[in-house]
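Novice: Dropping in structure13.cif, which is mmCIF, C-alpha atoms:
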```cif
data_run
#
loop_
_atom_site.label_atom_id
_atom_site.label_comp_id
_atom_site.auth_asym_id
_atom_site.auth_seq_id
_atom_site.Cartn_x
_atom_site.Cartn_y
_atom_site.Cartn_z
CA MET A 28 14.41 32.48 -96.10
CA ARG A 29 17.41 30.70 -94.61
CA ASN A 30 15.74 28.05 -92.52
CA PRO A 31 11.99 27.83 -93.03
CA THR A 32 11.59 24.90 -90.63
CA LEU A 33 13.09 26.86 -87.75
CA ILE A 34 10.91 29.88 -88.51
CA LEU A 35 7.86 27.64 -88.82
CA VAL A 36 8.55 26.08 -85.42
CA SER A 37 8.93 29.55 -83.92
CA ALA A 38 5.65 30.65 -85.45
CA ILE A 39 3.85 27.59 -84.11
CA THR A 40 5.39 28.16 -80.67
CA LEU A 41 4.10 31.72 -80.75
CA THR A 42 0.68 30.44 -81.83
CA LEU A 43 0.53 28.02 -78.91
CA ALA A 44 1.69 30.70 -76.48
CA ALA A 45 -1.01 33.05 -77.76
CA SER A 46 -3.69 30.34 -77.44
CA ARG A 47 -2.65 29.58 -73.90
CA ALA A 48 -2.78 33.27 -73.05
CA ALA A 49 -6.21 33.52 -74.68
CA ALA A 50 -7.56 30.59 -72.67
CA GLY A 51 -6.02 32.11 -69.54
CA ARG A 52 -4.56 28.83 -68.36
CA SER A 53 -1.42 30.18 -66.76
CA PRO A 54 -1.13 32.37 -63.68
CA LYS A 55 0.04 35.66 -65.07
CA ALA A 56 -0.38 38.00 -62.15
CA LEU A 57 1.91 36.55 -59.49
CA HIS A 58 5.36 37.42 -60.75
CA TYR A 59 7.37 37.59 -57.55
CA TYR A 60 7.38 38.46 -53.89
CA ALA A 61 9.54 41.31 -52.63
CA ALA A 62 11.93 40.66 -49.75
CA ASP A 63 9.26 41.70 -47.21
CA GLY A 64 6.74 39.26 -48.75
CA SER A 65 4.71 41.94 -50.51
CA VAL A 66 3.53 41.67 -54.13
CA ALA A 67 2.66 44.21 -56.79
CA LEU A 68 -1.11 44.55 -57.09
CA PRO A 69 -2.05 42.97 -60.43
CA ASP A 70 -4.36 44.79 -62.84
CA TYR A 71 -7.59 42.99 -61.97
CA ARG A 72 -9.95 45.33 -63.87
CA LYS A 73 -10.82 42.65 -66.43
CA TRP A 74 -10.84 39.69 -64.03
CA VAL A 75 -13.90 37.56 -63.41
CA PHE A 76 -16.56 39.04 -61.12
CA LEU A 77 -17.43 36.60 -58.31
CA GLY A 78 -19.90 38.61 -56.30
CA THR A 79 -20.68 41.83 -54.51
CA GLY A 80 -22.15 42.88 -51.19
CA LEU A 81 -23.11 46.09 -49.44
CA GLY A 82 -21.99 46.85 -45.91
CA MET A 83 -20.55 43.35 -45.39
CA GLN A 84 -17.55 43.88 -43.19
CA TYR A 85 -15.99 42.55 -40.03
CA ILE A 86 -16.30 45.87 -38.29
CA GLU A 87 -19.23 48.17 -37.69
CA GLN A 88 -20.30 50.16 -40.72
CA ALA A 89 -19.76 53.81 -41.43
CA LYS A 90 -23.33 54.89 -42.13
CA PRO A 91 -24.93 56.22 -44.27
CA ASN A 92 -22.20 55.15 -46.72
CA PRO A 93 -21.58 51.43 -46.19
CA PRO A 94 -19.07 50.18 -48.79
CA PHE A 95 -19.76 47.84 -51.67
CA THR A 96 -17.26 44.96 -51.56
CA THR A 97 -16.75 43.31 -54.95
CA VAL A 98 -14.55 40.26 -55.45
CA PHE A 99 -12.63 39.27 -58.59
CA ALA A 100 -10.67 36.15 -59.63
CA GLU A 101 -8.01 35.85 -62.30
CA PRO A 102 -9.66 34.12 -65.32
CA TRP A 103 -7.38 31.04 -65.36
CA ALA A 104 -8.07 30.44 -61.64
CA TYR A 105 -11.83 30.86 -62.20
CA ASP A 106 -11.65 28.26 -65.01
CA GLU A 107 -9.87 25.82 -62.70
CA PHE A 108 -12.42 26.40 -59.93
CA MET A 109 -15.25 25.65 -62.36
CA LYS A 110 -13.54 22.35 -63.22
CA HIS A 111 -12.56 21.18 -59.74
CA GLY A 112 -14.51 23.15 -57.13
CA VAL A 113 -11.32 24.35 -55.42
CA TRP A 114 -8.86 27.09 -56.21
CA PRO A 115 -5.57 26.15 -57.90
CA ASN A 116 -2.19 26.95 -56.42
CA LYS A 117 -1.19 30.60 -57.13
CA THR A 118 -4.80 31.79 -57.18
CA ILE A 119 -5.18 35.51 -56.50
CA LEU A 120 -8.51 36.95 -55.38
CA VAL A 121 -9.02 40.69 -55.08
CA ALA A 122 -11.70 42.38 -52.96
CA GLU A 123 -12.34 46.00 -53.92
CA MET A 124 -14.35 48.35 -51.68
CA ARG A 125 -16.11 51.48 -52.89
CA LYS A 126 -18.25 53.95 -51.00
CA SER A 127 -21.99 53.85 -51.61
CA VAL A 128 -24.29 56.83 -51.90
CA ALA A 129 -28.05 56.85 -51.53
CA ASN A 130 -28.65 59.79 -53.82
CA LEU A 131 -26.71 60.14 -57.06
CA SER A 132 -27.98 61.42 -60.40
CA ILE A 133 -31.43 59.91 -61.01
CA ASN A 134 -30.96 57.24 -58.35
CA LYS A 135 -33.21 58.10 -55.40
CA THR A 136 -34.25 54.76 -53.97
CA GLY A 137 -31.11 52.66 -53.68
CA TYR A 138 -27.33 52.66 -53.30
CA ALA A 139 -24.87 53.47 -56.09
CA GLU A 140 -21.09 53.05 -56.12
CA VAL A 141 -19.06 56.21 -56.16
CA GLY A 142 -15.44 57.29 -56.39
CA ASP A 143 -12.12 55.54 -56.20
CA PRO A 144 -11.73 52.37 -54.13
CA VAL A 145 -11.62 53.05 -50.38
CA GLY A 146 -9.83 49.76 -49.82
CA VAL A 147 -8.37 46.81 -51.72
CA GLU A 148 -7.62 43.46 -50.13
CA VAL A 149 -5.96 40.43 -51.67
CA GLU A 150 -6.00 36.71 -50.86
CA ILE A 151 -3.37 34.49 -52.46
CA LYS A 152 -3.16 30.69 -52.34
CA ASP A 153 0.45 29.64 -52.49
CA SER A 154 1.70 26.27 -51.31
CA ALA A 155 5.18 27.80 -50.96
CA LYS A 156 3.67 30.05 -48.25
CA GLY A 157 1.82 27.21 -46.54
CA GLY A 158 -1.56 28.00 -48.11
CA TRP A 159 -3.70 31.12 -48.20
CA MET A 160 -2.23 34.50 -47.24
CA PHE A 161 -4.00 37.84 -46.90
CA TYR A 162 -2.71 41.19 -48.09
CA ASP A 163 -3.75 44.77 -47.65
CA VAL A 164 -3.11 47.07 -50.59
CA ALA A 165 -1.45 50.45 -50.17
CA THR A 166 -3.23 52.17 -53.07
CA GLU A 167 -0.66 54.95 -53.41
CA THR A 168 2.02 52.37 -54.36
CA ASN A 169 -0.24 49.50 -55.57
CA THR A 170 1.67 47.22 -53.22
CA ALA A 171 -0.11 44.31 -51.53
CA LYS A 172 1.50 43.89 -48.12
CA PRO A 173 1.12 40.61 -46.21
CA LEU A 174 -1.09 40.77 -43.14
CA PRO A 175 0.15 39.00 -40.00
CA GLN A 176 -1.48 35.68 -39.08
CA ARG A 177 -2.98 37.21 -35.92
CA MET A 178 -5.35 39.32 -38.05
CA ALA A 179 -9.04 38.37 -37.94
CA CYS A 180 -9.20 37.59 -41.68
CA TYR A 181 -7.22 34.35 -41.15
CA SER A 182 -9.38 32.88 -38.40
CA CYS A 183 -12.64 34.16 -39.87
CA HIS A 184 -12.00 32.62 -43.31
CA ALA A 185 -10.76 29.37 -41.75
CA GLU A 186 -13.85 29.04 -39.55
CA HIS A 187 -16.62 30.45 -41.71
CA ALA A 188 -15.71 30.25 -45.42
CA ALA A 189 -17.78 27.70 -47.34
CA VAL A 190 -15.13 26.51 -49.81
CA ASP A 191 -11.34 26.36 -49.64
CA ASN A 192 -10.95 29.33 -47.27
CA THR A 193 -13.10 31.54 -49.53
CA PHE A 194 -16.60 32.91 -48.93
CA VAL A 195 -18.27 31.07 -51.79
CA GLN A 196 -21.57 31.28 -49.89
CA PHE A 197 -21.60 34.91 -51.09
CA TYR A 198 -20.69 34.09 -54.74
CA PRO A 199 -23.85 32.63 -56.30
CA THR A 200 -22.15 31.67 -59.57
CA LEU A 201 -19.69 29.32 -57.82
CA ILE A 202 -22.04 27.54 -55.41
CA GLU A 203 -23.49 24.96 -57.80
CA THR A 204 -20.04 23.82 -58.96
CA ALA A 205 -18.75 23.55 -55.39
CA LYS A 206 -21.77 21.52 -54.32
CA ARG A 207 -21.41 19.21 -57.32
CA LYS A 208 -17.72 18.70 -56.54
CA ALA A 209 -18.57 18.18 -52.84
CA THR A 210 -16.22 20.94 -51.71
CA TYR A 211 -19.01 23.10 -50.25
CA GLN A 212 -19.46 23.34 -46.50
CA ASP A 213 -22.66 24.87 -45.17
CA ARG A 214 -21.36 27.65 -42.96
CA MET B 19 7.23 19.41 -95.99
CA ARG B 20 5.83 20.23 -99.45
CA ASN B 21 5.55 23.98 -99.23
CA PRO B 22 7.09 25.42 -96.10
CA THR B 23 6.29 29.01 -97.08
CA LEU B 24 2.58 28.29 -97.34
CA ILE B 25 2.55 26.45 -94.01
CA LEU B 26 4.55 29.25 -92.43
CA VAL B 27 2.04 31.83 -93.65
CA SER B 28 -0.81 29.70 -92.28
CA ALA B 29 0.92 29.41 -88.93
CA ILE B 30 1.46 33.15 -88.74
CA THR B 31 -2.17 33.76 -89.70
CA LEU B 32 -3.23 31.47 -86.87
CA THR B 33 -0.89 33.32 -84.53
CA LEU B 34 -2.41 36.65 -85.43
CA ALA B 35 -5.94 35.28 -85.10
CA ALA B 36 -5.10 33.90 -81.67
CA SER B 37 -3.58 37.22 -80.59
CA ARG B 38 -6.64 39.10 -81.74
CA ALA B 39 -8.84 36.71 -79.80
CA ALA B 40 -6.60 37.09 -76.76
CA ALA B 41 -6.82 40.87 -76.88
CA GLY B 42 -10.58 40.57 -77.42
CA ARG B 43 -10.65 43.06 -80.26
CA SER B 44 -13.50 41.52 -82.23
CA PRO B 45 -17.16 41.33 -81.23
CA LYS B 46 -17.70 37.67 -80.57
CA ALA B 47 -21.06 37.59 -78.87
CA LEU B 48 -23.43 39.06 -81.46
CA HIS B 49 -23.80 36.28 -84.00
CA TYR B 50 -27.21 36.98 -85.48
CA TYR B 51 -30.70 38.24 -84.89
CA ALA B 52 -33.64 35.89 -85.19
CA ALA B 53 -36.56 36.84 -87.43
CA ASP B 54 -38.34 38.55 -84.51
CA GLY B 55 -35.22 40.61 -83.70
CA SER B 56 -34.24 38.57 -80.65
CA VAL B 57 -30.69 37.38 -79.94
CA ALA B 58 -29.22 34.49 -77.98
CA LEU B 59 -27.96 35.70 -74.60
CA PRO B 60 -24.15 35.53 -74.77
CA ASP B 61 -22.18 33.91 -71.96
CA TYR B 62 -21.18 37.07 -70.09
CA ARG B 63 -19.84 35.37 -66.96
CA LYS B 64 -16.24 36.39 -67.72
CA TRP B 65 -17.01 39.82 -69.16
CA VAL B 66 -15.71 43.02 -67.62
CA PHE B 67 -17.49 44.26 -64.49
CA LEU B 68 -18.57 47.90 -64.91
CA GLY B 69 -20.39 48.52 -61.66
CA THR B 70 -23.06 47.41 -59.26
CA GLY B 71 -25.88 49.00 -57.31
CA LEU B 72 -28.44 47.95 -54.73
CA GLY B 73 -32.11 48.77 -55.15
CA MET B 74 -31.53 50.99 -58.18
CA GLN B 75 -34.54 50.47 -60.35
CA TYR B 76 -37.15 52.43 -62.22
CA ILE B 77 -39.96 51.01 -60.15
CA GLU B 78 -40.57 50.87 -56.44
CA GLN B 79 -38.51 48.28 -54.63
CA ALA B 80 -39.60 44.99 -53.19
CA LYS B 81 -38.37 45.37 -49.61
CA PRO B 82 -36.62 43.93 -47.65
CA ASN B 83 -34.91 42.29 -50.67
CA PRO B 84 -33.97 45.05 -53.12
CA PRO B 85 -31.97 43.56 -56.02
CA PHE B 86 -28.32 44.07 -56.77
CA THR B 87 -27.93 45.17 -60.40
CA THR B 88 -24.50 44.41 -61.83
CA VAL B 89 -23.45 45.46 -65.32
CA PHE B 90 -20.93 43.73 -67.61
CA ALA B 91 -19.31 44.66 -70.95
CA GLU B 92 -17.71 42.36 -73.49
CA PRO B 93 -13.91 42.76 -73.11
CA TRP B 94 -13.26 44.04 -76.67
CA ALA B 95 -15.96 46.72 -76.23
CA TYR B 96 -14.52 47.72 -72.83
CA ASP B 97 -11.08 48.10 -74.46
CA GLU B 98 -12.55 50.34 -77.15
CA PHE B 99 -14.36 52.45 -74.57
CA MET B 100 -11.13 52.94 -72.65
CA LYS B 101 -9.51 54.21 -75.88
CA HIS B 102 -12.27 56.48 -77.17
CA GLY B 103 -14.75 57.20 -74.36
CA VAL B 104 -17.68 55.86 -76.38
CA TRP B 105 -18.92 52.37 -77.08
CA PRO B 106 -18.07 50.79 -80.45
CA ASN B 107 -20.70 49.51 -82.85
CA LYS B 108 -21.97 46.02 -81.82
CA THR B 109 -21.34 46.65 -78.12
CA ILE B 110 -23.37 44.42 -75.82
CA LEU B 111 -23.92 45.37 -72.19
CA VAL B 112 -25.62 42.98 -69.79
CA ALA B 113 -27.34 43.97 -66.53
CA GLU B 114 -27.88 41.09 -64.14
CA MET B 115 -30.16 41.38 -61.11
CA ARG B 116 -29.93 39.19 -58.03
CA LYS B 117 -31.95 39.26 -54.84
CA SER B 118 -30.26 40.63 -51.73
CA VAL B 119 -30.58 39.25 -48.22
CA ALA B 120 -29.75 41.04 -44.99
CA ASN B 121 -28.89 37.91 -43.05
CA LEU B 122 -26.87 35.13 -44.65
CA SER B 123 -24.18 32.99 -43.06
CA ILE B 124 -21.97 35.26 -40.94
CA ASN B 125 -23.24 38.41 -42.61
CA LYS B 126 -25.43 40.28 -40.13
CA THR B 127 -24.88 43.94 -40.92
CA GLY B 128 -25.20 44.30 -44.68
CA TYR B 129 -26.68 42.88 -47.87
CA ALA B 130 -25.40 39.78 -49.67
CA GLU B 131 -26.34 38.46 -53.10
CA VAL B 132 -28.27 35.24 -53.17
CA GLY B 133 -29.63 32.77 -55.71
CA ASP B 134 -30.07 32.75 -59.45
CA PRO B 135 -30.60 36.01 -61.34
CA VAL B 136 -34.11 37.43 -60.93
CA GLY B 137 -33.73 39.38 -64.14
CA VAL B 138 -31.29 39.94 -67.00
CA GLU B 139 -31.45 42.92 -69.33
CA VAL B 140 -29.35 43.64 -72.39
CA GLU B 141 -28.45 46.84 -74.27
CA ILE B 142 -26.94 46.52 -77.74
CA LYS B 143 -25.48 49.28 -79.89
CA ASP B 144 -26.01 48.45 -83.53
CA SER B 145 -25.96 51.02 -86.31
CA ALA B 146 -27.98 48.58 -88.44
CA LYS B 147 -30.78 48.99 -85.87
CA GLY B 148 -30.46 52.76 -85.69
CA GLY B 149 -28.43 52.79 -82.47
CA TRP B 150 -29.03 51.36 -79.03
CA MET B 151 -31.72 48.73 -78.48
CA PHE B 152 -32.92 47.21 -75.21
CA TYR B 153 -33.72 43.56 -74.62
CA ASP B 154 -35.31 41.60 -71.83
CA VAL B 155 -33.99 38.08 -71.31
CA ALA B 156 -36.28 35.10 -70.94
CA THR B 157 -34.00 33.09 -68.65
CA GLU B 158 -35.68 29.75 -69.41
CA THR B 159 -34.57 30.01 -73.06
CA ASN B 160 -31.65 32.48 -72.69
CA THR B 161 -33.26 34.56 -75.42
CA ALA B 162 -32.91 38.35 -75.35
CA LYS B 163 -36.12 39.76 -76.79
CA PRO B 164 -36.23 43.34 -78.10
CA LEU B 165 -38.25 45.78 -76.01
CA PRO B 166 -40.56 48.19 -77.85
CA GLN B 167 -39.43 51.80 -78.16
CA ARG B 168 -42.30 52.99 -75.95
CA MET B 169 -40.66 51.32 -72.90
CA ALA B 170 -39.23 53.66 -70.26
CA CYS B 171 -35.66 52.34 -70.69
CA TYR B 172 -35.33 54.16 -74.05
CA SER B 173 -36.40 57.61 -72.87
CA CYS B 174 -34.70 57.28 -69.48
CA HIS B 175 -31.30 56.36 -70.98
CA ALA B 176 -31.63 59.05 -73.67
CA GLU B 177 -32.42 61.75 -71.11
CA HIS B 178 -30.35 60.76 -68.11
CA ALA B 179 -27.38 58.58 -69.15
CA ALA B 180 -24.02 60.35 -68.79
CA VAL B 181 -22.21 58.82 -71.78
CA ASP B 182 -23.45 57.40 -75.07
CA ASN B 183 -26.85 56.27 -73.76
CA THR B 184 -25.22 54.38 -70.85
CA PHE B 185 -25.24 55.18 -67.14
CA VAL B 186 -21.51 55.76 -66.81
CA GLN B 187 -22.22 58.01 -63.79
CA PHE B 188 -22.74 54.70 -61.92
CA TYR B 189 -19.55 53.01 -63.29
CA PRO B 190 -16.64 54.63 -61.44
CA THR B 191 -13.96 52.89 -63.53
CA LEU B 192 -15.21 54.51 -66.77
CA ILE B 193 -15.79 58.06 -65.59
CA GLU B 194 -12.21 59.36 -65.80
CA THR B 195 -11.79 58.11 -69.39
CA ALA B 196 -15.11 59.62 -70.48
CA LYS B 197 -14.24 62.98 -68.93
CA ARG B 198 -10.80 62.97 -70.57
CA LYS B 199 -12.39 62.17 -73.94
CA ALA B 200 -15.05 64.84 -73.35
CA THR B 201 -17.91 62.38 -73.84
CA TYR B 202 -19.21 62.75 -70.28
CA GLN B 203 -22.39 64.73 -69.61
CA ASP B 204 -23.17 65.66 -66.02
CA ARG B 205 -26.63 64.20 -65.57
#
```
Using structure tokens, write down the structure from this file.
Specialist:
Amino acid sequence: MRNPTLILVSAITLTLAASRAAAGRSPKALHYYAADGSVALPDYRKWVFLGTGLGMQYIEQAKPNPPFTTVFAEPWAYDEFMKHGVWPNKTILVAEMRKSVANLSINKTGYAEVGDPVGVEVEIKDSAKGGWMFYDVATETNTAKPLPQRMACYSCHAEHAAVDNTFVQFYPTLIETAKRKATYQDR
Amino acid sequence: MRNPTLILVSAITLTLAASRAAAGRSPKALHYYAADGSVALPDYRKWVFLGTGLGMQYIEQAKPNPPFTTVFAEPWAYDEFMKHGVWPNKTILVAEMRKSVANLSINKTGYAEVGDPVGVEVEIKDSAKGGWMFYDVATETNTAKPLPQRMACYSCHAEHAAVDNTFVQFYPTLIETAKRKATYQDR
């Protein structure tokens, strides 16, 4: 052992890095934007579930298979929201849509999710981009491409979202925190 | 620094422990059973989302507010499932039910989740208990109380669940792994 102090410092640095990763305090998903402003879709499979809905869309529904829309937040961003009632800079939210079916296996009375996602949409808060931006994911390449500001998502979120441009009115687990932190608007 | 080697070893041990925690490889939620076999409901808010359904219940639905049922797995157990296609010993799955509403905020066409959970049910795989056990959660105390074997959940899961006593046919993200590992039964 040539220099135990140096090795010790390295080991402690590794320990701290691992603890930070464990607590999820750093934004890990947003690595870079490509030249056209698109980002690689992060692996959100283990992110925090915010809420789900059935047949909640801007446009008229394809019946009888209205999609489930389920929204996820990166764990570190969820932790920050639960502390402050707003989303931190570099927050990524992912909305995943899957087809519903009314008759699957033993399910006869309700709607079950089925198959691969039929759509994935992303909302990123980035002060370097002037705030929230919306992205549509091309699932064949897992690329989230920025949507132009004329799209309805921008005006709809700005006018109707209860907290910080996000539809917290549909995420029961966030509402109490937002009300306590006085960031909730009844919309 | 009295004994740098000892401190170094301690620091590395801490590093490894932190990495294990970060990767979620150890069952953290199941601490103990009380004398009556009940367990404290773990905090599952950041667990892995498996799937959701609307109005999927054993019994007839309360209309017009059929519940969403959303199922979560502890991250380490999810990781093990994705490796082996079966759940590891000490797996805890939580099913959370919330009321749906057809008209909330700007949502006019579909169903949104609303309010506190109207029910929480737990399924635990524990070889010391002979396999899977079902629990109903008393939300006022957050206590998961074991359900007697005569309850319909036991026979229904045994007869109709696609993988390892769990309704993987309703969790699209698990199906491919289970089929690849040949643990999937078409049910």
Novice: Output the residue selection produced by the PyMOL selection byres ((chain B and resi 199) around 10) on the file above, formatted as a PyMOL selection string.
Specialist: chain B and resi 99-104+193-198+200-202
Novice: Pick the closest to chain B from A:Val75, A:Ala104, A:Met178, A:Leu120: which is it, counting all atoms listed in the file?
Specialist: A:Val75
Novice: My list of candidates is B:Glu131, B:Asp144, B:Glu92, B:Asp54. Which is closest to chain A when distances are computed with all atoms listed in the file?
Specialist: B:Glu131
Novice: Output, as lines of an AutoDock Vina configuration file, the centre and edge lengths in Å (one decimal) of the axis-aligned box that contains all listed atoms of region 129-143 of chain B with 5 Å of margin on each side.
Specialist:
```
center_x = -29.8
center_y = 41.0
center_z = -63.9
size_x = 18.7
size_y = 26.5
size_z = 42.0
```
Novice: Write out as a VMD selection string which residues come within 8 Å of Tyr153 (chain B) when counting all atoms listed in the file, dropping same-chain ones fewer than 4 positions away.
Specialist: chain B and resid 56 139 to 141 162 to 165
Novice: Go ahead and save the residues from that selection, with C-alpha atoms, as an mmCIF file, in the frame of the given file.
Specialist:
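Written file, selection.cif:
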```cif
data_model
loop_
_atom_site.group_PDB
_atom_site.id
_atom_site.type_symbol
_atom_site.label_atom_id
_atom_site.label_comp_id
_atom_site.auth_asym_id
_atom_site.auth_seq_id
_atom_site.Cartn_x
_atom_site.Cartn_y
_atom_site.Cartn_z
ATOM 1 C CA SER B 56 -34.240 38.570 -80.650
ATOM 2 C CA GLU B 139 -31.450 42.920 -69.330
ATOM 3 C CA VAL B 140 -29.350 43.640 -72.390
ATOM 4 C CA GLU B 141 -28.450 46.840 -74.270
ATOM 5 C CA ALA B 162 -32.910 38.350 -75.350
ATOM 6 C CA LYS B 163 -36.120 39.760 -76.790
ATOM 7 C CA PRO B 164 -36.230 43.340 -78.100
ATOM 8 C CA LEU B 165 -38.250 45.780 -76.010
#
```
Novice: Compile a residue-level contact table for region 58-175 of chain A against region 85-89 of chain B at a cut-off of 10 Å, reporting for every qualifying residue the shortest atom pair and its distance in Å to one decimal, with all atoms listed in the file counted, rows ordered by chain and ascending number, as a Markdown table.
Specialist:
```
| residue | atom | partner | partner_atom | distance |
| --- | --- | --- | --- | --- |
| A:Phe76 | CA | B:Thr88 | CA | 9.6 |
| A:Gly78 | CA | B:Thr88 | CA | 9.2 |
| A:Thr79 | CA | B:Phe86 | CA | 8.3 |
| A:Gly80 | CA | B:Phe86 | CA | 8.4 |
| A:Leu81 | CA | B:Phe86 | CA | 9.2 |
| A:Gly137 | CA | B:Pro85 | CA | 9.4 |
| A:Tyr138 | CA | B:Phe86 | CA | 9.3 |
| A:Ala139 | CA | B:Thr87 | CA | 9.8 |
```
Novice: Please indicate the distance in Å from CA of Ala113 (chain B) to CA of Arg63 (chain B), rounded to one decimal place.
Specialist: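 Calculated distance between CA of Ala113 (chain B) and CA of Arg63 (chain B) is 11.4 Å.
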Novice: Quick one: of B:Arg168, B:Lys64, B:Arg116, B:His49, who's nearest to chain A, counting all atoms listed in the file?
Specialist: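 Ranked by minimum distance to chain A, first place goes to B:Lys64.
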Novice: When you draw a straight line from CA of Ala188 (chain A) to CA of Trp159 (chain A), how long is it in Å?
Specialist: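 So the two atoms, CA of Ala188 (chain A) and CA of Trp159 (chain A), lie 12.4 Å apart.
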Novice: Neighbours of Lys156 (chain A) within 12 Å (all atoms listed in the file; same-chain residues fewer than 4 positions away dropped), as a tab-separated table (two decimals) with C-alpha atoms, in the coordinates of the input?
Specialist:
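selection.tsv, written as the output of this step:
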```tsv
chain	number	residue	atom	x	y	z
A	60	TYR	CA	7.38	38.46	-53.89
A	64	GLY	CA	6.74	39.26	-48.75
A	116	ASN	CA	-2.19	26.95	-56.42
A	117	LYS	CA	-1.19	30.60	-57.13
A	151	ILE	CA	-3.37	34.49	-52.46
A	152	LYS	CA	-3.16	30.69	-52.34
A	160	MET	CA	-2.23	34.50	-47.24
A	161	PHE	CA	-4.00	37.84	-46.90
A	173	PRO	CA	1.12	40.61	-46.21
A	176	GLN	CA	-1.48	35.68	-39.08
```
Novice: Using Å and a single decimal, report how far CA of Val190 (chain A) sits from CA of Gln212 (chain A).
Specialist: 6.3 Å
Novice: For each of B:Ser173, B:Met74, B:Thr157, B:Glu98, take the minimum atom-to-atom distance to chain A, counting all atoms listed in the file, then give the residue where this is smallest.
Specialist: B:Met74
Novice: With distances taken over only C-alpha atoms, which residue among B:Trp105, B:Cys171, B:Leu122, B:Asn83 lies nearest Val195 (chain A)?
Specialist: B:Leu122
Novice: Specify as a PyMOL selection string each residue included when the PyMOL selection byres ((chain B and resi 136) around 7) is applied to this file.
Specialist: chain B and resi 115-117+134-135+137
Novice: Selected by the PyMOL selection byres ((chain A and resi 194) around 10) in the shown coordinates: which residues, as a ChimeraX atom specification?
Specialist: /A:78,183-185,187-193,195-198,214 /B:123-124
Novice: For a quick check of your reading of the model, name the residues lying within 12 Å of the coordinate (6.3, 43.8, -59.2), counting only C-alpha atoms, and write them as number ranges by chain.
Specialist: A: 55-62, 64-70, 168-171
